[in-house]
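As structure tokens, the structure follows; a few thoughts come after it.
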Amino acid sequence: MIQNRRSFLGALTSLAAASFLPDASAWASNGAAGKLHFASNEYSWITFYERQQRDWFADLDASIGEFAKSGIAGYEPSVTNVEQLHQLAPLLKKYKIEMRSVYVGCTLHKEREGVESLKQVTAIAKAAAPLGVKIIVTNPSPIRWGGEEDKTDAELSLQAGYLNKMGAELQKHGITLAYHNHDIEMRRAAREFHHMMVATDPRLVSLCLEAHWLYRGSGNSQLALFDVMRLYGNRIAEVHLRQSKNGTWSETFGEGDIDYTRLAKELLALKVRPHLVLEQCVEEQTPNTMGAVEAHQLDLQYAQRIFG
């Protein structure tokens, strides 16, 4: 029965999703011959700044200037309104950094919040498309961040419905919606994560493979991570790259708990070329030996070697 379910889901995603992934691949050219495009998520820089008692947003011009020194070609910001895009766009142009994707939070398991989130994300998509954005990553909020409460079946059904609506609206602007998860969605046999995959239309909702949250949320299991790739691999539009050692986030992206060499080979075997976004954040127990620029330079070097 398990094999039948996997075969069915694999066939479903292969047939329905493969033609709808965005033509914004990180494994496409960066504009320089033979050079791959990698982006970095804003949040990883925020965590490095915070441990140095610095504020990433205090002088965004200076922060983006430091980002440029890393050599990473793309920037994935977290956006809550159109005004943030207007503030960010000239700075990215100044430092010649692309913005192929943005992260937008939402709340979709309640009707009123779902309506507002749909309006918010659609407005951001309309403003982001002319700036070169091809993917909007979204993670529907839990009932309470850090809480133990689980959504009801009715709330999960409502949430999946709003993801479909959101994906349809974004397609009108040439943007792909990529579903993102943290560890919360992996509780209770990963019922929330799997329902968002099974109950949404692959033509409307793609997957941001949040590699380390899948690993951590499954009790530090690579088996679970690679099972997710086998089940939903043809829906992967973006991959967030983060590593840990003995369960703790590493200071740089490199060798560690997750076999990223295998992950890269699995993606090649699936014939998908997702947008690759470095998200090597630091947490309390992470070693503290270098600053954000040096760490991200090392992240990029390792990522280029693994995915090149």
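Residues in the structure tokens are numbered from 1 in each chain, the chains being A, B, ... in the order shown, and ligands are numbered from 1 in the order shown.
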
DSSP on the backbone, helix (DSSP H, G or I) only: what residues of range 226-293 of chain A does that give? Format it as a PyMOL selection string. chain A and resi 226-235+260-270+292-293

Considering only strand (DSSP E) as DSSP defines it on the backbone, what residues of range 66-307 of chain A qualify? List them as JSON, numbers by chain. {"A": [74, 75, 76, 101, 102, 103, 104, 105, 106, 135, 136, 137, 138, 139, 140, 176, 177, 178, 179, 205, 206, 207, 208, 209, 210, 236, 237, 238, 239, 240, 241, 244, 245, 248, 249, 275, 276, 277, 278]}

Any chance you could export the current selection's N, CA, C and O atoms as a compact mmCIF listing (two decimals), in the first residue's frame?
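File written: again08.txt
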```
# COMPACT_ATOMS: atom_id res chain seq x y z
N GLY A 74 22.41 36.77 -5.83
CA GLY A 74 20.98 36.99 -5.63
C GLY A 74 20.61 37.18 -4.18
O GLY A 74 21.27 36.66 -3.27
N TYR A 75 19.54 37.92 -3.95
CA TYR A 75 19.08 38.26 -2.61
C TYR A 75 17.61 37.89 -2.49
O TYR A 75 16.79 38.27 -3.34
N GLU A 76 17.26 37.13 -1.45
CA GLU A 76 15.87 36.78 -1.18
C GLU A 76 15.43 37.46 0.11
O GLU A 76 15.72 36.97 1.20
N SER A 101 13.61 35.89 -6.16
CA SER A 101 12.59 35.34 -5.27
C SER A 101 12.44 36.23 -4.05
O SER A 101 13.38 36.95 -3.68
N VAL A 102 11.27 36.17 -3.43
CA VAL A 102 11.03 36.85 -2.16
C VAL A 102 10.25 35.90 -1.26
O VAL A 102 9.56 34.99 -1.73
N TYR A 103 10.38 36.12 0.04
CA TYR A 103 9.67 35.33 1.04
C TYR A 103 8.57 36.21 1.64
O TYR A 103 8.84 37.35 2.05
N VAL A 104 7.35 35.70 1.66
CA VAL A 104 6.22 36.44 2.21
C VAL A 104 5.46 35.54 3.18
O VAL A 104 5.04 34.44 2.80
N GLY A 105 5.30 35.97 4.41
CA GLY A 105 4.52 35.21 5.38
C GLY A 105 3.03 35.36 5.12
O GLY A 105 2.59 36.28 4.42
N CYS A 106 2.24 34.46 5.66
CA CYS A 106 0.79 34.53 5.49
C CYS A 106 0.12 33.71 6.58
O CYS A 106 0.75 32.90 7.25
N ILE A 135 9.65 33.86 -8.21
CA ILE A 135 9.15 32.94 -7.19
C ILE A 135 8.79 33.71 -5.93
O ILE A 135 9.56 34.56 -5.48
N ILE A 136 7.62 33.43 -5.39
CA ILE A 136 7.27 33.90 -4.05
C ILE A 136 7.17 32.67 -3.15
O ILE A 136 6.40 31.75 -3.42
N VAL A 137 8.00 32.66 -2.12
CA VAL A 137 8.01 31.59 -1.14
C VAL A 137 7.10 31.99 0.02
O VAL A 137 7.20 33.12 0.51
N THR A 138 6.23 31.10 0.43
CA THR A 138 5.37 31.44 1.56
C THR A 138 5.25 30.27 2.52
O THR A 138 5.24 29.12 2.11
N ASN A 139 5.21 30.60 3.79
CA ASN A 139 5.05 29.61 4.86
C ASN A 139 3.82 29.99 5.69
O ASN A 139 3.87 30.92 6.49
N PRO A 140 2.70 29.31 5.49
CA PRO A 140 1.52 29.63 6.30
C PRO A 140 1.83 29.51 7.79
O PRO A 140 2.40 28.52 8.24
N THR A 176 5.72 32.06 -9.66
CA THR A 176 5.41 30.75 -9.10
C THR A 176 5.31 30.84 -7.58
O THR A 176 6.15 31.48 -6.94
N LEU A 177 4.31 30.21 -7.01
CA LEU A 177 4.17 30.11 -5.56
C LEU A 177 4.88 28.85 -5.09
O LEU A 177 4.62 27.75 -5.60
N ALA A 178 5.78 29.00 -4.11
CA ALA A 178 6.51 27.85 -3.57
C ALA A 178 6.19 27.72 -2.08
O ALA A 178 6.49 28.61 -1.28
N TYR A 179 5.59 26.59 -1.72
CA TYR A 179 5.23 26.31 -0.33
C TYR A 179 6.47 25.99 0.49
O TYR A 179 7.31 25.19 0.08
N VAL A 205 0.81 25.27 -7.11
CA VAL A 205 1.63 25.33 -5.90
C VAL A 205 2.84 24.43 -6.05
O VAL A 205 2.71 23.22 -6.17
N SER A 206 4.02 25.05 -6.07
CA SER A 206 5.27 24.31 -6.10
C SER A 206 5.82 24.18 -4.68
O SER A 206 5.19 24.62 -3.72
N LEU A 207 7.01 23.60 -4.56
CA LEU A 207 7.61 23.35 -3.25
C LEU A 207 8.94 24.07 -3.13
O LEU A 207 9.79 23.98 -4.02
N CYS A 208 9.11 24.78 -2.03
CA CYS A 208 10.43 25.23 -1.62
C CYS A 208 10.96 24.15 -0.70
O CYS A 208 10.46 23.99 0.43
N LEU A 209 11.93 23.39 -1.17
CA LEU A 209 12.48 22.29 -0.36
C LEU A 209 13.33 22.90 0.75
O LEU A 209 14.46 23.33 0.52
N GLU A 210 12.75 22.95 1.93
CA GLU A 210 13.43 23.52 3.11
C GLU A 210 14.20 22.38 3.76
O GLU A 210 13.76 21.76 4.73
N ILE A 236 9.61 20.74 -6.93
CA ILE A 236 10.59 21.60 -6.27
C ILE A 236 10.98 22.75 -7.19
O ILE A 236 11.58 22.56 -8.25
N ALA A 237 10.64 23.97 -6.78
CA ALA A 237 11.00 25.17 -7.53
C ALA A 237 12.18 25.89 -6.91
O ALA A 237 12.87 26.66 -7.58
N GLU A 238 12.42 25.64 -5.62
CA GLU A 238 13.49 26.32 -4.90
C GLU A 238 13.99 25.40 -3.79
O GLU A 238 13.23 24.58 -3.26
N VAL A 239 15.28 25.53 -3.45
CA VAL A 239 15.84 24.79 -2.34
C VAL A 239 16.56 25.77 -1.42
O VAL A 239 17.35 26.60 -1.88
N HIS A 240 16.25 25.69 -0.12
CA HIS A 240 16.99 26.46 0.88
C HIS A 240 18.11 25.58 1.42
O HIS A 240 17.87 24.46 1.87
N LEU A 241 19.32 26.09 1.39
CA LEU A 241 20.52 25.33 1.73
C LEU A 241 21.03 25.74 3.10
O LEU A 241 21.49 26.87 3.30
N SER A 244 24.04 21.50 9.27
CA SER A 244 24.26 21.40 10.71
C SER A 244 25.32 20.34 10.97
O SER A 244 25.63 19.51 10.10
N LYS A 245 25.88 20.37 12.17
CA LYS A 245 26.79 19.34 12.63
C LYS A 245 26.29 18.86 14.00
O LYS A 245 26.14 19.68 14.90
N THR A 248 23.28 20.87 15.33
CA THR A 248 23.38 22.32 15.53
C THR A 248 23.79 23.00 14.22
O THR A 248 24.70 22.52 13.53
N TRP A 249 23.12 24.10 13.89
CA TRP A 249 23.44 24.81 12.66
C TRP A 249 24.92 25.18 12.61
O TRP A 249 25.48 25.72 13.57
N HIS A 275 15.75 27.02 -8.04
CA HIS A 275 16.45 28.21 -7.57
C HIS A 275 17.15 27.83 -6.26
O HIS A 275 16.51 27.34 -5.33
N LEU A 276 18.46 28.03 -6.18
CA LEU A 276 19.24 27.62 -5.02
C LEU A 276 19.54 28.81 -4.13
O LEU A 276 20.19 29.78 -4.56
N VAL A 277 19.06 28.75 -2.89
CA VAL A 277 19.14 29.88 -1.98
C VAL A 277 19.85 29.46 -0.69
O VAL A 277 19.37 28.60 0.05
N LEU A 278 21.00 30.06 -0.44
CA LEU A 278 21.75 29.80 0.80
C LEU A 278 21.01 30.42 1.98
O LEU A 278 20.59 31.58 1.91
```

Do a neighbour search on Phe48 in chain A at 9 Å with only C-alpha atoms, toss out local chain neighbours closer than 6 positions, and write the hits as a PyMOL selection string. chain A and resi 54+281-282+291-292

Work out how far CA of Thr289 in chain A is from CA of Gln52 in chain A, in Å to one decimal.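 Pair CA of Gln52 in chain A / CA of Thr289 in chain A returns 11.4 Å.
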
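Atom to atom, CA of His195 in chain A and CA of Glu266 in chain A stand 23.2 Å apart.
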
May I ask which of the residues A:Gly132, A:Gly219, A:Gly114, A:Pro77 is the closest one to Glu98 in chain A, counting only C-alpha atoms?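 Checking each of A:Gly132, A:Gly219, A:Gly114, A:Pro77 against Glu98 in chain A, counting only C-alpha atoms, the winner is A:Gly132.
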
Could you pull the residues within 7 Å of Gln243 in chain A, counting only C-alpha atoms, minus those fewer than 6 positions along the same chain, as a PyMOL selection string? chain A and resi 212+249-250+253-254+256-258+280

Could you give me, as a ChimeraX atom specification, the residues within 8 Å of range 297-306 of chain A, counting only C-alpha atoms and dropping anything in the same chain fewer than 2 positions from it? /A:36,38,70-72,252-254,260-261,264,278,280,293-295,308

Between CA of Asn220 in chain A and CA of Tyr49 in chain A, what is the distance in Å, rounded to a tenth?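 CA of Tyr49 in chain A lies 27.0 Å from CA of Asn220 in chain A.
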
Looking at only C-alpha atoms, which of A:Asn181, A:Gln285, A:Ser63, A:Asn41 is the one that sits closest to Gly217 in chain A?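 When distances to Gly217 in chain A are compared using only C-alpha atoms, the smallest one comes from A:Asn181.
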
Smallest atom-to-atom distance to Lys119 in chain A: which of A:Val228, A:Val82, A:Ile184, A:Leu223, using only C-alpha atoms?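 Using only C-alpha atoms, the shortest distance to Lys119 in chain A belongs to A:Val82.
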
Measuring between only C-alpha atoms, which one of A:Lys151, A:Arg144, A:His194, A:Lys93 shows the shortest distance to His180 in chain A?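 The answer is A:His194, which sits nearest to His180 in chain A.
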
So, with only C-alpha atoms as the atoms that count, which of A:Gly146, A:Gly161, A:Gly247, A:Pro130 lies closest to His173 in chain A?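 Of A:Gly146, A:Gly161, A:Gly247, A:Pro130, the one nearest His173 in chain A is A:Pro130, counting only C-alpha atoms.
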